[in-house]
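Visitor: Have a look at the structure that comes next, please.
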Amino acid sequence: MTCSKGKTPRRHGPKKASNIDKDPVGVYCRIRPLGAEDEECCVEMISSSTIQLHAPDGLKANRNGEYKETQYSFKKVFGINTTQVELFEDVARPLVEDLIHCKNGLLFTYGVTGSGKTFTMTGSPGEGGLLPRSLDMLFNSIGPFQAKRFVFKPDDKNGMEIQGQVDALLERQKRDSQQSVPKTPSSRQKVADPEFADMISSEEACKSENVDEDCCYSVFVSYIEVYNNYIYDLLEDAPFDPIRPKWLGGGTPVRNNEFIPPQSKILREDQNHNMYVAGCTEVEVKSTEEAFEVFWKGQKKRRIANTQLNRESSRSHSVFTVKLAQAPLDADGDHILQDKNQVNVSQLCLVDLAGSERTSRTRAEGSRLREAGNINQSLMTLRTCMEVLRENQMCGTNKMVPYRDSKVTHLFKNYFDGEGKVRMIVCVNPKADDYDETMLVMRFAEMTQEVEVARPVDRPICGLAAGRRHRNQVFRDELSRRLEEQGGPGNADDQGLLNQLIESLPALPPSELVDAADDQTLPRLMEVLERRHRVRQMMTEQYNKTANTLASMLQQLDGQISAKETFLHDQRSRLDEKDKVIINQRKEIERLEKKSNTLEYKIDILQKTTDMYENDKRSLQQELETREQRLQRELSERRRMEQRMHGMVTDTKLKWEKECERRVNAKQLEMQNKLWVKDEKLKQLKAIVTESSGGGTERPEKPERPSRERDRNIAQKRSASPSPLPTAPPVHPMHRRSHSAGGDKWVDHKPTSNLDLDTVLQPIIPNAIKVSTPNEKALSKCQKYVLRHQELASDGEIETKLIKGNVFRTRGGGQAVQFTDVETLKQECASASSRKRRSGSGEGPAQMENTENRPPVASTSHGYQKRRKP
């Protein structure tokens, strides 16, 4: 059995409560003025919290041929006329207030190269930036309460130690002795440039009113830069060694007036899991001038270069850290409490990020190209960290944030985990050439605003009574005043008081002894001394009683003072709560204002969309009205056509009725004539036969021919229905019997639009249900189905089609029809066929007359119409 190798347990950070209040990252925007008045501007400030980006004229339009305009909202937008004081009051002053109250802060500027980040952070003569104004406010606030030098001492592990008065005095003496030694010219301390001497006027100076007077403060500053993802200390002294000259790469010696390049530093984690730069120089400063002098000393070493876009482009990220150490005074309010656990250290990091740039525009080569690549890579890592933080917070995921991919993000990891407030100033250059880079910056700023950082908690307050420094100072002032008034400790008032006390005692009797046997003087003296002793005891008791009473009164007053201080503390806590409520309400108001602006923008879009739809609706209504009018005209035209067709049908019907009647009368007259001729022939034949048989010579009388009048009268007296004609052979020998003559039950579908032709041959279906519209009830009772369809033939006659089919039941319980036959009934004019007869035909006149007087017949065709020759 083999035992597996144990793994080193992972060191977990301090657990944080899940219900911690969080604040979003405060993102501000500052717009710098254009370089030239005729230069094209692509950024417009719409309100105090919103800007709008316009695409420049040279940019390609989108697919719809329009230029897209985008809006971005910030916590506040500062226009081109914003002063450095206004920017400091809104952005940096709350961070300095938090620094004094033991809370950390991070402020960094972000933007394209040449957008004004360094000016915003540092400033210029007469227009000091955020850094000098923050230092000025800090020293104006804690100036009277600063500790002496070397009382606070860094322990090189991101912490602070407290030295005693003797150790601090020795450190000061050692420093003064080192300063008295003359230094080499190469390492001579440089003073601040004159152009940076007066950056802040006295009128613009400010300070914090809520400073704890019962604490001692000390300020330490450090200045580093992140160059090519390496950390360098800008305050590290590396003087030139004249005995052993240093060499650069390639065998080039360093000139005598240059410093040795500093070595890169590493990041470490302290016992509180906070990141810090190991071995970084921290300088204790006591005034604004001294702090800015240290800053300018490091600024001289910072790497800058001339590019196509900026004459002094920062090639590194600079981090200026202001660390404030504070410790409470003892109960007497005279000395610092010698307890390391009571030391609170807070820091404010002012970061000037290098600007993002495109090498196609800067035309960087060599080292400049490598610097630009590292700058863009570190900024991309910052964007990635923000995106992962936002995704973890919005989606509830637990993805690992890649802080270690860049030194900048790794150094400020604790701030995004809830160790202080985070503020970002987005600097924008409104010129059209930076439009593409500005769009990327705006998207990153918009995404950063959605990241929430845990609100820092208040540090525990020392349990000593407040106002110790003030009471100690008042006591010293009163003691000094009395000593000055009295001229020393032994004054006349004290001597008079002492004389009064001596006079109140019993007087001593004469105690001179002249006789050895005198036994009265000593007992009398002893009695007086005993009385004086009793008086002194009574006075001591009275004094003790008065002292106790005074002590109890003092304790009562202390209790009252403590109660009042507790009451004041409660009131302050309530006031803080009210302030928090006000801040939350202000944030809610800002959020509602932002939401209101967004809704107004959406309302404008919806209003435009509604107007567009209204225009479309009006155009469609006009088109509908036009079509309705056109339809009405077509309907009226159709009615007129129907009326005209009905009139034509009626006229044609009357015409053919008269023609049929004329033909019938003519045929009757002709048949009568033929019958008369036959009768005459028969009579003649009978007479011949009789004469030949009988031998008679009498000639029979010739029968009279019926007159025309009689025929006309007879024809008029006949009924309308024609008399049965003699049987004649059929014209169409291939005529078949109609399929509807069987014994099945039929559904006779005759639409209401059909016309009654009143011809001789009409379909007669005896066992049928006649309907104008087919229905399921009629179909369920029948087995056959026929549809009468009328249409106009090519010769102008009306043609009737009988469409026949079988009715069967479907699976769903309904009825269906399967069409099997089409029978065509067509009217033909008999006279037309006689006229088409050829001249050489062998038909006799009788046959021609029979054909002409033949009635219309029904021709049957299966599936298609077939016309026969006459």
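Lettering and numbering for the structure tokens are positional, with chains as A, B, ... in the shown order, residues counted from 1 in each chain, and ligands counted from 1 in the shown order.
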As a PyMOL selection string, please: the residues near A:Cys782 (cut-off 12 Å, only C-alpha atoms, same-chain neighbours under 3 positions excluded).
Guide: chain A and resi 743-748+767-770+774-779+785-786+805-809+815-817
Visitor: Taking the backbone alone, and naming residues the way the document does, which bits of stretch 386-430 of chain A are alpha helix (DSSP H) by DSSP, as number ranges by chain?
Guide: A: 386-395, 407-411, 413-414
Visitor: Can you pull out the residues contacting A:Met400? Cut-off 9 Å, using only C-alpha atoms, and skip same-chain residues under 3 positions away; I want them as an MDAnalysis selection string.
Guide: chainID A and resid 388:389 403
Visitor: Include N, CA and C atoms and write out the residues we just selected as an mmCIF file, in the first residue's frame.
Guide:
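After the write, part-v2.cif holds the following:
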data_model
loop_
_atom_site.group_PDB
_atom_site.id
_atom_site.type_symbol
_atom_site.label_atom_id
_atom_site.label_comp_id
_atom_site.auth_asym_id
_atom_site.auth_seq_id
_atom_site.Cartn_x
_atom_site.Cartn_y
_atom_site.Cartn_z
ATOM 1 N N VAL A 388 -14.887 40.116 -17.261
ATOM 2 C CA VAL A 388 -15.119 38.930 -16.438
ATOM 3 C C VAL A 388 -15.799 39.311 -15.125
ATOM 4 N N LEU A 389 -15.390 40.435 -14.511
ATOM 5 C CA LEU A 389 -16.054 40.889 -13.279
ATOM 6 C C LEU A 389 -17.521 41.178 -13.524
ATOM 7 N N TYR A 403 -6.167 38.639 -13.353
ATOM 8 C CA TYR A 403 -5.395 39.769 -12.847
ATOM 9 C C TYR A 403 -3.905 39.612 -13.150
#
Visitor: Smallest atom-to-atom distance to A:Tyr435: which of A:Asp38, A:Asp334, A:Glu293, A:Glu69, using only C-alpha atoms?
Guide: A:Glu69
Visitor: Would you list the contacts of A:Gly111 as a list in words, taking every protein, DNA or RNA residue within 9 Å and counting only C-alpha atoms, but skipping same-chain residues closer than 2 positions in sequence?
Guide: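 My list of contacting residues is Thr109, Thr113, Gly114, Ser115, Gly116, Lys117, Leu353, Ala354, Gly355, Ser356, Ile425, Val426, Cys427, Val428, Asn429, Glu437, Thr438 and Val441 of chain A.
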Visitor: Between atom CA of A:Leu411 and atom CA of A:Met275, what is the distance in Å, rounded to a tenth?
Guide: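 Separation between atom CA of A:Leu411 and atom CA of A:Met275: 5.7 Å.
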Visitor: When you draw a straight line from atom CA of A:Ile375 to atom CA of A:His410, how long is it in Å?
Guide: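 We find that atom CA of A:Ile375 and atom CA of A:His410 lie 15.0 Å from each other.
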Visitor: Skipping near chain neighbours, those fewer than 4 positions away, what residues fall within 9 Å of stretch 164-178 of chain A using only C-alpha atoms, listed as a list of chain:residue names?
Guide: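 Listed by chain and then number, they are A:Lys148, A:Arg149, A:Phe150, A:Val151, A:Phe152, A:Pro182, A:His335, A:Ile336, A:Gln338.
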Visitor: Suppose we keep all heavy atoms; can you now write the selection as a CSV table (one decimal), in the first residue's frame?
Guide:
chain,number,residue,atom,x,y,z
A,148,LYS,N,6.0,63.9,14.4
A,148,LYS,CA,7.4,64.3,14.0
A,148,LYS,C,8.0,63.2,13.1
A,148,LYS,O,7.4,62.1,13.0
A,148,LYS,CB,8.2,64.4,15.2
A,148,LYS,CG,7.8,65.6,16.1
A,148,LYS,CD,8.7,65.8,17.3
A,148,LYS,CE,8.3,67.0,18.1
A,148,LYS,NZ,9.2,67.3,19.3
A,149,ARG,N,9.0,63.5,12.4
A,149,ARG,CA,9.6,62.6,11.5
A,149,ARG,C,10.1,61.3,12.2
A,149,ARG,O,10.6,61.4,13.3
A,149,ARG,CB,10.8,63.2,10.7
A,149,ARG,CG,10.3,64.3,9.7
A,149,ARG,CD,11.5,64.8,8.9
A,149,ARG,NE,11.2,65.9,8.0
A,149,ARG,CZ,10.7,65.8,6.8
A,149,ARG,NH1,10.5,64.6,6.3
A,149,ARG,NH2,10.4,66.8,6.1
A,150,PHE,N,10.0,60.2,11.5
A,150,PHE,CA,10.5,58.9,11.9
A,150,PHE,C,9.8,58.4,13.1
A,150,PHE,O,10.2,57.4,13.7
A,150,PHE,CB,12.0,59.0,12.2
A,150,PHE,CG,12.8,59.4,11.1
A,150,PHE,CD1,13.5,60.7,11.1
A,150,PHE,CD2,13.0,58.6,10.0
A,150,PHE,CE1,14.2,61.1,10.0
A,150,PHE,CE2,13.8,59.1,8.9
A,150,PHE,CZ,14.4,60.3,8.9
A,151,VAL,N,8.7,59.0,13.5
A,151,VAL,CA,7.8,58.4,14.6
A,151,VAL,C,7.1,57.1,13.9
A,151,VAL,O,7.0,56.1,14.5
A,151,VAL,CB,6.8,59.3,15.1
A,151,VAL,CG1,5.8,58.6,16.1
A,151,VAL,CG2,7.5,60.5,15.9
A,152,PHE,N,6.6,57.3,12.7
A,152,PHE,CA,6.1,56.2,11.9
A,152,PHE,C,7.2,55.7,11.0
A,152,PHE,O,7.9,56.6,10.3
A,152,PHE,CB,4.9,56.6,11.1
A,152,PHE,CG,3.7,56.9,11.9
A,152,PHE,CD1,3.4,58.2,12.3
A,152,PHE,CD2,2.8,55.9,12.4
A,152,PHE,CE1,2.3,58.5,13.1
A,152,PHE,CE2,1.7,56.2,13.1
A,152,PHE,CZ,1.5,57.5,13.5
A,182,PRO,N,28.7,67.3,2.4
A,182,PRO,CA,28.5,67.7,1.0
A,182,PRO,C,28.4,66.6,0.0
A,182,PRO,O,29.2,65.6,0.2
A,182,PRO,CB,29.8,68.6,0.7
A,182,PRO,CG,30.8,68.1,1.7
A,182,PRO,CD,30.0,67.7,2.9
A,335,HIS,N,1.2,61.9,24.0
A,335,HIS,CA,2.0,61.1,23.2
A,335,HIS,C,1.2,60.1,22.4
A,335,HIS,O,0.1,59.7,22.7
A,335,HIS,CB,3.1,60.3,24.1
A,335,HIS,CG,3.9,61.3,24.9
A,335,HIS,ND1,4.9,62.1,24.3
A,335,HIS,CD2,3.9,61.5,26.2
A,335,HIS,CE1,5.5,62.8,25.2
A,335,HIS,NE2,4.9,62.5,26.4
A,336,ILE,N,1.8,59.5,21.3
A,336,ILE,CA,1.2,58.5,20.5
A,336,ILE,C,1.1,57.2,21.3
A,336,ILE,O,2.0,56.8,22.0
A,336,ILE,CB,1.9,58.3,19.2
A,336,ILE,CG1,1.9,59.6,18.4
A,336,ILE,CG2,1.3,57.2,18.4
A,336,ILE,CD1,2.7,59.5,17.1
A,338,GLN,N,1.6,53.6,22.0
A,338,GLN,CA,2.6,52.7,21.5
A,338,GLN,C,1.9,51.3,21.3
A,338,GLN,O,2.2,50.3,22.1
A,338,GLN,CB,3.7,52.6,22.5
A,338,GLN,CG,4.5,53.9,22.7
A,338,GLN,CD,5.2,54.3,21.4
A,338,GLN,OE1,5.8,53.4,20.7
A,338,GLN,NE2,5.3,55.6,21.1
Visitor: One decimal, Å: what's the distance from atom CA of A:Tyr227 over to atom CA of A:Glu284, could you say?
Guide: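 Between these atoms lies a distance of 25.3 Å.
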